[in-house]
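Scroll down for the structure; my scribbles are underneath it.
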4 protein chains.
Amino acid sequence: MPKLFFGIMFSMGNNSFGKLFTITTWGESHGPSVGVVIDGCPAGLFITVEDIQATLVLRSCGRAYTSARKEPDMVEILSGVFEGQTTGAPISLLIRNLDTRSEDYLDQKNIIKPGHAQFTYLEKYGIFDYFGNGRASARETVCRVAAGAIAKKILDVSGIKVVAFLHSCGNVSLTEDFSILDTDSLDVLRRKSPILCPEEAVSNLMLQEIQKALEEKDSVGGIVEAIVYPVPSGLGDPVYDKLSANLGKALFSIPAVTGVEIGDGFLSSRKKGSEQNDSPYLKDGKVGFLSNHAGGIVGGISNGEPIRVKVSFKPTSSIGKLQKTVTIDKKDIHHSFIGRHDPCVAIRAVAVVEAMIQLTLVDALLLQRCSRL
Amino acid sequence: MPKLFFGIMFSMGNNSFGKLFTITTWGESHGPSVGVVIDGCPAGLFITVEDIQATLVLRSCGRAYTSARKEPDMVEILSGVFEGQTTGAPISLLIRNLDTRSEDYLDQKNIIKPGHAQFTYLEKYGIFDYFGNGRASARETVCRVAAGAIAKKILDVSGIKVVAFLHSCGNVSLTEDFSILDTDSLDVLRRKSPILCPEEAVSNLMLQEIQKALEEKDSVGGIVEAIVYPVPSGLGDPVYDKLSANLGKALFSIPAVTGVEIGDGFLSSRKKGSEQNDSPYLKDGKVGFLSNHAGGIVGGISNGEPIRVKVSFKPTSSIGKLQKTVTIDKKDIHHSFIGRHDPCVAIRAVAVVEAMIQLTLVDALLLQRCSRL
Amino acid sequence: MPKLFFGIMFSMGNNSFGKLFTITTWGESHGPSVGVVIDGCPAGLFITVEDIQATLVLRSCGRAYTSARKEPDMVEILSGVFEGQTTGAPISLLIRNLDTRSEDYLDQKNIIKPGHAQFTYLEKYGIFDYFGNGRASARETVCRVAAGAIAKKILDVSGIKVVAFLHSCGNVSLTEDFSILDTDSLDVLRRKSPILCPEEAVSNLMLQEIQKALEEKDSVGGIVEAIVYPVPSGLGDPVYDKLSANLGKALFSIPAVTGVEIGDGFLSSRKKGSEQNDSPYLKDGKVGFLSNHAGGIVGGISNGEPIRVKVSFKPTSSIGKLQKTVTIDKKDIHHSFIGRHDPCVAIRAVAVVEAMIQLTLVDALLLQRCSRL
Amino acid sequence: MPKLFFGIMFSMGNNSFGKLFTITTWGESHGPSVGVVIDGCPAGLFITVEDIQATLVLRSCGRAYTSARKEPDMVEILSGVFEGQTTGAPISLLIRNLDTRSEDYLDQKNIIKPGHAQFTYLEKYGIFDYFGNGRASARETVCRVAAGAIAKKILDVSGIKVVAFLHSCGNVSLTEDFSILDTDSLDVLRRKSPILCPEEAVSNLMLQEIQKALEEKDSVGGIVEAIVYPVPSGLGDPVYDKLSANLGKALFSIPAVTGVEIGDGFLSSRKKGSEQNDSPYLKDGKVGFLSNHAGGIVGGISNGEPIRVKVSFKPTSSIGKLQKTVTIDKKDIHHSFIGRHDPCVAIRAVAVVEAMIQLTLVDALLLQRCSRL
């Protein structure tokens, strides 16, 4: 990570997420390894390396279509698990970076990539990292996904299921509403697609969209959708730890996110109250709802209906197409960047969205426990 | 606040926002008063009751068109300010609730309002509050706006300006891009409108939309937009205190929010990298950008360009129109709710969005100070 | 609060204590009122103004012997309690300052009091407060004691009792070990003494010590001891939220504290392992201990034995005796300060120590709840 | 780590310390490795493995006299440092456990060690760890000391020096006041002693005390003293982040600590105000103090005088002497425990006390930065 100057000396905190179930991630994209410490995990959960490995595979879904970087992400459990069970102590996970090939980046060592965090890091930290940009790299998200595997184990105990999938890729979107499906079926359907899109025909169209972007040395944006169901009512703490607020923070902390919607989202701004309100009715002596425009969260607290979230991802900023930019020694130039990049970050982000929701839910679940006598 | 049962006894935490510049709000919509304690405010700022009062007026903008509740919100400064200047000690603000008229709510004391937080509060806390629903009430946001007035004073010192305005109301939207205006002009324009919409013709159409909703005993959603400019580069702390992540949390913590976009938001998911990337160029020896699709935040850190945020509000859930619902003793009924409610919460939310952004920016500003040697 | 300069403009944060059961205090000794917001209190607790008032009376114990300031501290509950029960919402308590008599302080408006926080506040904040020194005043502790009354209600539900008492005053100390008494008897005994010393003869000697200090226009230090019993095992979270660590923070945050001991404290540093170790034995099928040198906390977690804590208080710095000092305009002088001050802060501190322990225990209790599935 | 039952499933949080400069430690005494993630470290500090290694050597001081465990603690820097300089990103340090020899512990696999955290861990977590007791082991403190080396680098920039030393061992104490020495000389003197005691004759007496304890298969307590000087005035944030309060938490979080004193500590409780107050006087136009009974902290804020702290350590609970105890299957027995243990934990704790003070000071230093405009 070559430096320009160190006059400012800011730190790059904060690298922890969660109040009671806390993850702390570390490591740079082109350093020897990345890792995460998970604190606040209850004892007695059965967890294996394979469980974590399975979520990392999800994150690498559609790799052939996304990035040329071929790392067999292998996780090591360094602490907190004894004979296959969590002990309650912090769980330290380490993932080595095997395929860093930094020579790929030599041609761009003084050119600012348009749309990339390089510029803001240079401005704030006085460091110009022409490699994968250290902490700003999507490489950090492998730690979130690994931690999500632990969170998932806790949600399993409570019967909570989270499934994310690719909702749109560029201008190609799902044509059906998959939020009404049960999450198990949804999980099966998405896994049939190499890019985690549960509607087969749409998945094929998306692959064409991606192929086209690759050929044009360009990239394409996308939307990830997630469903949480079953989910108990009562998760979320008003006023400032609303489940919606904490999901908002969790999802906007993912690189390349440009928007988050819960329930009907922006569509609800164009509706009337009589169209948006979900009317309660009695179903086997319990309160059900005739619709779910709210997306399972009302007043910041889950109401037991499926939680529906949509997350917008901008197209990958690193593209091979010729672009106007400047050098760090301040010259106007045009440049075509070479490198290994996902043509659509949204695909790999499916696993990251799922993990961040899992982490947020576990924290809400533990907070709920501690807020009563 | 009549109770049904107290078997669960959960607390309604967390009521604090911010890491270094922290606000803690308290008070119920129909109790004697609400208030906020502001902790971490630097000493030496000039602040008067009138400064705070001015922001409360902004929050009550379009009152005639929004709610029948006519409270002259008068703030009292109980601590932290001496002879017109902050001392560095916590600032305690108190606002009395003068006009609670709880008899209005007697007819609905056992009927669940569709779309309202009553149900989730009942489920979680075992309390059915047929008044204004205590902490879930938008009444709490008056405290955020009062605290925002203090945050604004700090931003003033750094030359940072935040202006929010009504972008859309139901299906009526601004036709021009006001994000390119300077914030002072934008402030003048929005104040000409009783509903804080800077485009006069559109403001009038919105008023018709609202009037129509009132006549139909219905309500309407809306979108609030906010611009931050001037703003220095370097605000925001990766990985989990990204400026975007903290804005996401701040804005999703506002009642009735259903979506948040930064920069081009969901539109960016439909674009190609070559369309989304903001190309740098040299402007008087400094780096400028040929576009601002990113909305002023890249990699979670401000880049010095205007920060653009859109926040979607659902229509007010409390409407007079006949609706299907259930009673708390579990009977299916249809009911028309009477009460004083904003036909469009987005109008009053303009001041709240502005305040939450101000609070988030001050925290980022102070965090930036402490992260260097 | 006259200011010298405001060049530095530091804030006086942090004014919150506790992770889940959080108190935030505000107000200056010579402002209109002081107050506290209690966040994270479970719903359903029965609490009245009288309950809180009773703890404030404890804090004013021995007033005749401690300070000339005669404020009938009357608490007002502004939120969070409805018809005598907590609702789960934040509880806002306000206590007016009725007797501020700031003219008493006019003669000392530019003289630094030896041993007082005035100097460090002047150095840090550039503010010289010749009144009661704002936030540094022991006045702030009335808020802790009021909040402690709420914490006590929660501990009552779990059957945990905390009793503090005056252990020593200057060179006069208890001659018997009161830590072996049951806490109810201890409570009765201490209340017989106007200075909360449970041993009658010693209490009388202490009163003589205090009287002597008053006559000499001097002050005297003291030690407060506290016993927690019954108390469940399992409170405290290693590694950094050890019960001992959080008690250490809680107690050292009280003004004038110079030392804290748990169990045998400094005495244990002079012992051998075979003398210090508390041997377990079987008592009715359960594990008991033959001694309690550890003071009820081992490895940072309570073991079910009585928790024993001692807190050292320095003598009040504000004394009438002639002292060498300097003026803020930097002249060497000798001065006799006039004012109303406790000759022994440790007496009034008994209630504060009790409150801080209660607050710490409630937080540990709630944290224990949330750390399991 | 053999388990008894997992019915309770508590987590062992919290494993993080510090608000802005945060360390998170992980790893068990008998697992493959331990480690620490340091978050919030400013960029641009020069740091090498050797710098950290040097503090680990300090922690192993007097090893011959303390423990038979002979681990060459070698630290690895996994992230956050590039070409010898910190980048601002989280610093991940890993230290392998090379010498775990768990077979030593087989004879005691169902016997509760008196005075040891085993019992409270068993009570809380349902896990009986007959090895080194996982997170409760002093092994965790190697991570604190490694992190302290980074903190020291930041303090160096600000010219702040912290030196800890052995003040007493059993009944043998320093005879001179070393708090008046400059810290550099003190550092030289303590390093001449294999047990970090700066007074040669006393060091020899202490070694005899330790030797005697070893021969008796017993252990002995001790007191660690620390001096911070030079140190700027203004560190510490009232009311609840007082420098004294945060030191109290930091020091009581160290295993085996039974008491903490600042300045004259418990002695001050026996004094009069006129004896305790430190009178200011003018020294070269600046304010100095005629004494330092306060130990450099007044009102929770440093006043620029040397900070003096004393920390009491109980004798090691693990001793070879025959002791009364019980088995986990509830039988009364007497047992002599075999194993490798420090006869006096206070010696090794010197480096840990130093590190915890350094970590606390860096956090206060960064907080001071962020609390001003």
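Identifiers for the structure tokens are assigned positionally: chains receive A, B, ... in sequence, residues are indexed from 1 per chain, and ligands are indexed from 1 in the order shown.
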> Could you write out, as a PyMOL selection string, all the residues of range 176-362 of chain B that DSSP marks as strand (DSSP E or B)?
Replying inline: chain B and resi 220+222-228+237+241+257-262+272+280-283+286-289+297-298+301-302+307-313+323-327+332-335
Please report as a Markdown table every residue of chain C lying within 8 Å of chain B, along with the nearest atom pair and their distance in Å (one decimal), using only C-alpha atoms.
```
| residue | atom | partner | partner_atom | distance |
| --- | --- | --- | --- | --- |
| C:Met1 | CA | B:Phe82 | CA | 6.6 |
| C:Phe6 | CA | B:Gly44 | CA | 5.6 |
| C:Ile8 | CA | B:Ala43 | CA | 8.0 |
| C:Met9 | CA | B:Ala43 | CA | 4.4 |
| C:Phe10 | CA | B:Pro42 | CA | 4.8 |
| C:Ser11 | CA | B:Pro42 | CA | 3.9 |
| C:Met12 | CA | B:Gly88 | CA | 4.9 |
| C:Gly13 | CA | B:Gly40 | CA | 4.7 |
| C:Asn14 | CA | B:Gly40 | CA | 6.7 |
| C:Asn15 | CA | B:Asp39 | CA | 6.8 |
| C:Leu20 | CA | B:Gly13 | CA | 7.9 |
| C:Thr24 | CA | B:Val37 | CA | 7.9 |
| C:Thr25 | CA | B:Pro90 | CA | 7.9 |
| C:Trp26 | CA | B:Pro90 | CA | 5.5 |
| C:Gly27 | CA | B:Ser79 | CA | 5.0 |
| C:Glu28 | CA | B:Ser79 | CA | 6.7 |
| C:Gly31 | CA | B:Ser79 | CA | 6.7 |
| C:Pro32 | CA | B:Leu78 | CA | 6.8 |
| C:Ser33 | CA | B:Leu78 | CA | 6.8 |
| C:Val34 | CA | B:Ser79 | CA | 7.8 |
| C:Val37 | CA | B:Trp26 | CA | 7.4 |
| C:Asp39 | CA | B:Gly13 | CA | 6.0 |
| C:Gly40 | CA | B:Gly13 | CA | 4.7 |
| C:Cys41 | CA | B:Ser11 | CA | 5.2 |
| C:Pro42 | CA | B:Ser11 | CA | 4.0 |
| C:Ala43 | CA | B:Met9 | CA | 4.4 |
| C:Gly44 | CA | B:Phe6 | CA | 5.6 |
| C:Leu78 | CA | B:Ser33 | CA | 6.7 |
| C:Ser79 | CA | B:Gly27 | CA | 5.0 |
| C:Gly80 | CA | B:Gly27 | CA | 6.9 |
| C:Phe82 | CA | B:Met1 | CA | 6.6 |
| C:Thr87 | CA | B:Ser11 | CA | 7.6 |
| C:Gly88 | CA | B:Ser11 | CA | 4.0 |
| C:Ala89 | CA | B:Met12 | CA | 5.0 |
| C:Pro90 | CA | B:Trp26 | CA | 5.5 |
| C:Ile91 | CA | B:Trp26 | CA | 7.1 |
| C:Ser92 | CA | B:Trp26 | CA | 6.6 |
| C:Tyr125 | CA | B:Ala43 | CA | 7.5 |
| C:Ile127 | CA | B:Thr87 | CA | 7.9 |
| C:Arg135 | CA | B:Ala89 | CA | 7.0 |
```
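As for CA of Ala294 in chain A and CA of Thr327 in chain B, they are spaced 20.0 Å apart.
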>> So that I can check the surroundings of Arg139 in chain B, please list as a VMD selection string every protein, DNA and RNA residue that reaches within 12 Å of it, counting only C-alpha atoms and ignoring chain neighbours fewer than 2 positions away.
In response: (chain A and resid 239) or (chain B and resid 25 to 31 33 to 35 56 59 to 60 69 71 73 95 to 97 99 to 100 131 to 137 141 to 146 254 to 255 341 to 342 345 348 to 349 352)
>> Give me, as a PyMOL selection string, all polymer residues having an atom no more than 8 Å from Ile328 in chain D, counting only C-alpha atoms and skipping those fewer than 3 positions away in the same chain.
In response: chain D and resi 110-112+331
> If you count only C-alpha atoms, which residues fall within 9 Å of Gly295 in chain A, apart from same-chain ones fewer than 3 positions away, as number ranges by chain?
Replying inline: A: 262-265, 292, 298, 302, 305-309
Keeping only all heavy atoms, write the selected residues to a file as a tab-separated table (two decimals), in the first residue's frame.
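Output file selection.tsv is given in full below:
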```tsv
chain	number	residue	atom	x	y	z
A	262	ILE	N	-37.69	-0.89	2.69
A	262	ILE	CA	-38.34	-1.91	3.50
A	262	ILE	C	-39.82	-1.94	3.10
A	262	ILE	O	-40.45	-0.88	2.97
A	262	ILE	CB	-38.14	-1.61	5.00
A	262	ILE	CG1	-36.64	-1.72	5.34
A	262	ILE	CG2	-38.96	-2.58	5.86
A	262	ILE	CD1	-36.29	-1.38	6.76
A	263	GLY	N	-40.35	-3.14	2.90
A	263	GLY	CA	-41.72	-3.26	2.44
A	263	GLY	C	-41.88	-2.62	1.07
A	263	GLY	O	-41.05	-2.83	0.20
A	264	ASP	N	-42.95	-1.85	0.90
A	264	ASP	CA	-43.20	-1.25	-0.41
A	264	ASP	C	-42.23	-0.12	-0.75
A	264	ASP	O	-42.24	0.38	-1.87
A	264	ASP	CB	-44.65	-0.74	-0.49
A	264	ASP	CG	-45.64	-1.88	-0.71
A	264	ASP	OD1	-45.20	-3.05	-0.70
A	264	ASP	OD2	-46.83	-1.60	-0.90
A	265	GLY	N	-41.45	0.32	0.22
A	265	GLY	CA	-40.40	1.30	-0.04
A	265	GLY	C	-40.90	2.57	-0.69
A	265	GLY	O	-41.94	3.12	-0.28
A	292	ASN	N	-49.19	-7.08	3.19
A	292	ASN	CA	-47.92	-6.84	3.88
A	292	ASN	C	-47.14	-5.72	3.20
A	292	ASN	O	-45.97	-5.88	2.84
A	292	ASN	CB	-47.10	-8.14	3.97
A	292	ASN	CG	-45.81	-7.97	4.77
A	292	ASN	OD1	-45.68	-7.03	5.56
A	292	ASN	ND2	-44.85	-8.85	4.54
A	298	VAL	N	-43.33	-2.58	11.71
A	298	VAL	CA	-44.17	-1.41	11.94
A	298	VAL	C	-43.71	-0.74	13.23
A	298	VAL	O	-43.52	-1.41	14.25
A	298	VAL	CB	-45.66	-1.80	12.04
A	298	VAL	CG1	-46.53	-0.56	12.29
A	298	VAL	CG2	-46.12	-2.50	10.76
A	302	SER	N	-40.75	-5.75	14.53
A	302	SER	CA	-41.30	-6.78	13.64
A	302	SER	C	-42.70	-7.16	14.09
A	302	SER	O	-43.00	-7.19	15.29
A	302	SER	CB	-40.40	-8.02	13.63
A	302	SER	OG	-40.41	-8.65	14.89
A	305	GLU	N	-45.04	-10.79	10.28
A	305	GLU	CA	-45.18	-11.02	8.84
A	305	GLU	C	-43.79	-11.07	8.21
A	305	GLU	O	-42.81	-10.62	8.82
A	305	GLU	CB	-45.99	-9.85	8.20
A	305	GLU	CG	-47.42	-9.74	8.71
A	305	GLU	CD	-48.28	-10.90	8.25
A	305	GLU	OE1	-48.46	-11.07	7.04
A	305	GLU	OE2	-48.77	-11.64	9.13
A	306	PRO	N	-43.67	-11.60	6.99
A	306	PRO	CA	-42.35	-11.65	6.35
A	306	PRO	C	-41.72	-10.26	6.24
A	306	PRO	O	-42.38	-9.30	5.83
A	306	PRO	CB	-42.66	-12.21	4.95
A	306	PRO	CG	-43.93	-12.99	5.10
A	306	PRO	CD	-44.71	-12.25	6.15
A	307	ILE	N	-40.46	-10.16	6.64
A	307	ILE	CA	-39.70	-8.91	6.46
A	307	ILE	C	-39.18	-8.91	5.02
A	307	ILE	O	-38.58	-9.88	4.57
A	307	ILE	CB	-38.54	-8.81	7.46
A	307	ILE	CG1	-39.11	-8.73	8.89
A	307	ILE	CG2	-37.65	-7.61	7.15
A	307	ILE	CD1	-38.07	-8.75	9.98
A	308	ARG	N	-39.50	-7.82	4.31
A	308	ARG	CA	-39.08	-7.70	2.90
A	308	ARG	C	-38.18	-6.50	2.75
A	308	ARG	O	-38.56	-5.38	3.12
A	308	ARG	CB	-40.30	-7.51	2.00
A	308	ARG	CG	-41.26	-8.69	1.97
A	308	ARG	CD	-42.29	-8.52	0.87
A	308	ARG	NE	-43.19	-7.38	1.10
A	308	ARG	CZ	-43.25	-6.31	0.34
A	308	ARG	NH1	-42.46	-6.18	-0.72
A	308	ARG	NH2	-44.10	-5.34	0.62
A	309	VAL	N	-37.00	-6.72	2.22
A	309	VAL	CA	-36.01	-5.65	2.07
A	309	VAL	C	-35.46	-5.66	0.65
A	309	VAL	O	-35.24	-6.74	0.08
A	309	VAL	CB	-34.84	-5.86	3.07
A	309	VAL	CG1	-33.77	-4.81	2.89
A	309	VAL	CG2	-35.36	-5.83	4.51
```
>> Show me, as JSON, numbers by chain, the residues that have an atom within 9 Å of Ser244 in chain C when counting only C-alpha atoms, minus same-chain residues fewer than 6 positions from it.
In response: {"C": [236, 262, 297, 298, 299, 300, 301, 302], "D": [249, 252, 253, 257, 258]}
Restricted to all heavy atoms, what would the selected residues look like written as a PDB file, in the first residue's frame?
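Final output, result-v8.pdb:
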```pdb
ATOM      1  N   GLY C 236     -21.676 -10.527  35.834  1.00  0.00           N
ATOM      2  CA  GLY C 236     -20.374 -10.049  35.389  1.00  0.00           C
ATOM      3  C   GLY C 236     -19.948 -10.758  34.119  1.00  0.00           C
ATOM      4  O   GLY C 236     -20.216 -11.950  33.948  1.00  0.00           O
ATOM      5  N   ILE C 262     -12.158  -4.481  46.715  1.00  0.00           N
ATOM      6  CA  ILE C 262     -13.179  -5.530  46.683  1.00  0.00           C
ATOM      7  C   ILE C 262     -12.665  -6.684  47.537  1.00  0.00           C
ATOM      8  O   ILE C 262     -11.499  -7.069  47.423  1.00  0.00           O
ATOM      9  CB  ILE C 262     -13.481  -5.963  45.235  1.00  0.00           C
ATOM     10  CG1 ILE C 262     -14.087  -4.772  44.476  1.00  0.00           C
ATOM     11  CG2 ILE C 262     -14.421  -7.157  45.205  1.00  0.00           C
ATOM     12  CD1 ILE C 262     -14.398  -5.029  43.031  1.00  0.00           C
ATOM     13  N   ILE C 297     -16.710 -11.948  44.483  1.00  0.00           N
ATOM     14  CA  ILE C 297     -16.460 -11.864  43.032  1.00  0.00           C
ATOM     15  C   ILE C 297     -15.162 -12.597  42.721  1.00  0.00           C
ATOM     16  O   ILE C 297     -14.109 -12.266  43.259  1.00  0.00           O
ATOM     17  CB  ILE C 297     -16.348 -10.389  42.561  1.00  0.00           C
ATOM     18  CG1 ILE C 297     -17.611  -9.603  42.921  1.00  0.00           C
ATOM     19  CG2 ILE C 297     -16.099 -10.327  41.048  1.00  0.00           C
ATOM     20  CD1 ILE C 297     -17.537  -8.121  42.564  1.00  0.00           C
ATOM     21  N   VAL C 298     -15.232 -13.597  41.842  1.00  0.00           N
ATOM     22  CA  VAL C 298     -14.037 -14.331  41.439  1.00  0.00           C
ATOM     23  C   VAL C 298     -14.006 -14.403  39.912  1.00  0.00           C
ATOM     24  O   VAL C 298     -15.009 -14.739  39.284  1.00  0.00           O
ATOM     25  CB  VAL C 298     -14.013 -15.750  42.050  1.00  0.00           C
ATOM     26  CG1 VAL C 298     -12.753 -16.499  41.605  1.00  0.00           C
ATOM     27  CG2 VAL C 298     -14.052 -15.683  43.569  1.00  0.00           C
ATOM     28  N   GLY C 299     -12.870 -14.049  39.336  1.00  0.00           N
ATOM     29  CA  GLY C 299     -12.757 -14.031  37.875  1.00  0.00           C
ATOM     30  C   GLY C 299     -13.704 -13.019  37.256  1.00  0.00           C
ATOM     31  O   GLY C 299     -14.085 -13.129  36.095  1.00  0.00           O
ATOM     32  N   GLY C 300     -14.096 -12.026  38.051  1.00  0.00           N
ATOM     33  CA  GLY C 300     -14.964 -10.963  37.543  1.00  0.00           C
ATOM     34  C   GLY C 300     -16.439 -11.318  37.564  1.00  0.00           C
ATOM     35  O   GLY C 300     -17.280 -10.562  37.099  1.00  0.00           O
ATOM     36  N   ILE C 301     -16.775 -12.488  38.120  1.00  0.00           N
ATOM     37  CA  ILE C 301     -18.155 -12.981  38.154  1.00  0.00           C
ATOM     38  C   ILE C 301     -18.554 -13.231  39.602  1.00  0.00           C
ATOM     39  O   ILE C 301     -17.759 -13.757  40.387  1.00  0.00           O
ATOM     40  CB  ILE C 301     -18.271 -14.292  37.337  1.00  0.00           C
ATOM     41  CG1 ILE C 301     -17.849 -14.050  35.873  1.00  0.00           C
ATOM     42  CG2 ILE C 301     -19.678 -14.864  37.396  1.00  0.00           C
ATOM     43  CD1 ILE C 301     -17.736 -15.313  35.045  1.00  0.00           C
ATOM     44  N   SER C 302     -19.767 -12.858  39.964  1.00  0.00           N
ATOM     45  CA  SER C 302     -20.229 -13.083  41.335  1.00  0.00           C
ATOM     46  C   SER C 302     -20.332 -14.581  41.608  1.00  0.00           C
ATOM     47  O   SER C 302     -20.702 -15.361  40.729  1.00  0.00           O
ATOM     48  CB  SER C 302     -21.586 -12.408  41.562  1.00  0.00           C
ATOM     49  OG  SER C 302     -22.581 -13.022  40.778  1.00  0.00           O
TER      50      SER C 302
ATOM     51  N   LYS D 249     -11.771   1.054  35.905  1.00  0.00           N
ATOM     52  CA  LYS D 249     -12.278  -0.075  35.112  1.00  0.00           C
ATOM     53  C   LYS D 249     -11.131  -0.869  34.486  1.00  0.00           C
ATOM     54  O   LYS D 249     -11.125  -2.103  34.533  1.00  0.00           O
ATOM     55  CB  LYS D 249     -13.211   0.438  34.010  1.00  0.00           C
ATOM     56  CG  LYS D 249     -13.593  -0.657  33.023  1.00  0.00           C
ATOM     57  CD  LYS D 249     -14.870  -0.387  32.283  1.00  0.00           C
ATOM     58  CE  LYS D 249     -15.203  -1.592  31.410  1.00  0.00           C
ATOM     59  NZ  LYS D 249     -16.592  -1.727  31.086  1.00  0.00           N
ATOM     60  N   PHE D 252      -9.201  -2.850  37.304  1.00  0.00           N
ATOM     61  CA  PHE D 252      -9.993  -3.927  37.916  1.00  0.00           C
ATOM     62  C   PHE D 252     -10.355  -5.013  36.889  1.00  0.00           C
ATOM     63  O   PHE D 252     -10.871  -6.061  37.256  1.00  0.00           O
ATOM     64  CB  PHE D 252     -11.265  -3.371  38.561  1.00  0.00           C
ATOM     65  CG  PHE D 252     -11.135  -3.032  40.020  1.00  0.00           C
ATOM     66  CD1 PHE D 252     -11.196  -1.725  40.466  1.00  0.00           C
ATOM     67  CD2 PHE D 252     -10.927  -4.036  40.960  1.00  0.00           C
ATOM     68  CE1 PHE D 252     -11.071  -1.408  41.813  1.00  0.00           C
ATOM     69  CE2 PHE D 252     -10.804  -3.737  42.308  1.00  0.00           C
ATOM     70  CZ  PHE D 252     -10.874  -2.418  42.744  1.00  0.00           C
ATOM     71  N   SER D 253     -10.109  -4.747  35.605  1.00  0.00           N
ATOM     72  CA  SER D 253     -10.369  -5.797  34.606  1.00  0.00           C
ATOM     73  C   SER D 253      -9.213  -6.789  34.513  1.00  0.00           C
ATOM     74  O   SER D 253      -9.323  -7.823  33.857  1.00  0.00           O
ATOM     75  CB  SER D 253     -10.634  -5.173  33.228  1.00  0.00           C
ATOM     76  OG  SER D 253      -9.425  -4.777  32.609  1.00  0.00           O
ATOM     77  N   VAL D 257      -6.847  -8.642  40.527  1.00  0.00           N
ATOM     78  CA  VAL D 257      -6.800  -7.321  41.176  1.00  0.00           C
ATOM     79  C   VAL D 257      -7.846  -7.252  42.281  1.00  0.00           C
ATOM     80  O   VAL D 257      -8.994  -7.653  42.095  1.00  0.00           O
ATOM     81  CB  VAL D 257      -7.024  -6.187  40.154  1.00  0.00           C
ATOM     82  CG1 VAL D 257      -7.270  -4.846  40.857  1.00  0.00           C
ATOM     83  CG2 VAL D 257      -5.810  -6.076  39.242  1.00  0.00           C
ATOM     84  N   THR D 258      -7.439  -6.745  43.450  1.00  0.00           N
ATOM     85  CA  THR D 258      -8.356  -6.633  44.586  1.00  0.00           C
ATOM     86  C   THR D 258      -8.532  -5.196  45.068  1.00  0.00           C
ATOM     87  O   THR D 258      -9.412  -4.930  45.886  1.00  0.00           O
ATOM     88  CB  THR D 258      -7.857  -7.489  45.767  1.00  0.00           C
ATOM     89  OG1 THR D 258      -6.509  -7.085  46.079  1.00  0.00           O
ATOM     90  CG2 THR D 258      -7.869  -8.973  45.425  1.00  0.00           C
TER      91      THR D 258
END
```
>> Please extract the residues of range 83-326 of chain C with a backbone DSSP assignment of alpha helix (DSSP H) and present them as a PyMOL selection string.
In response: chain C and resi 118-125+141-157+183-191+200-215+243-252+273-276
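Reported to one decimal place, the separation of CA of Leu94 in chain A from CA of Asp156 in chain A is 23.7 Å.
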> For Glu216 in chain C, which of C:Leu174, C:Met356, C:Leu322, C:Ile195 is the closest residue, counting only C-alpha atoms?
Replying inline: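 Smallest separation from Glu216 in chain C among the options: C:Leu322.
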>> As an exercise, work out the distance from CA of Leu361 in chain B to CA of Gly222 in chain A in Å and give it to one decimal place.
In response: 28.6 Å
>> So that I can see what lies close to Ala226 in chain B, please list as an NGL selection string the residues with an atom at most 9 Å from it, counting only C-alpha atoms and leaving out residues fewer than 4 positions away in the same chain.
In response: :B and (162-167 or 179 or 307-311 or 350 or 353-354 or 357)
Would you mind exporting the chosen residues as a compact mmCIF listing (two decimals), in the first residue's frame, restricted to C-alpha atoms?
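Resulting contents of out39.txt:
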```txt
# COMPACT_ATOMS: atom_id res chain seq x y z
CA VAL B 162 -28.12 21.13 5.28
CA VAL B 163 -31.40 21.92 3.54
CA ALA B 164 -34.29 19.48 3.24
CA PHE B 165 -37.46 20.01 1.24
CA LEU B 166 -40.56 18.23 0.01
CA HIS B 167 -39.68 16.38 -3.20
CA SER B 179 -29.83 19.62 -5.95
CA ILE B 307 -24.58 15.08 -0.48
CA ARG B 308 -27.97 14.15 -1.94
CA VAL B 309 -30.42 12.05 0.00
CA LYS B 310 -34.02 11.00 -0.64
CA VAL B 311 -36.28 9.61 2.05
CA VAL B 350 -38.81 17.78 6.30
CA VAL B 353 -34.87 14.70 8.08
CA GLU B 354 -32.83 17.90 8.21
CA ILE B 357 -28.73 14.62 8.94
```
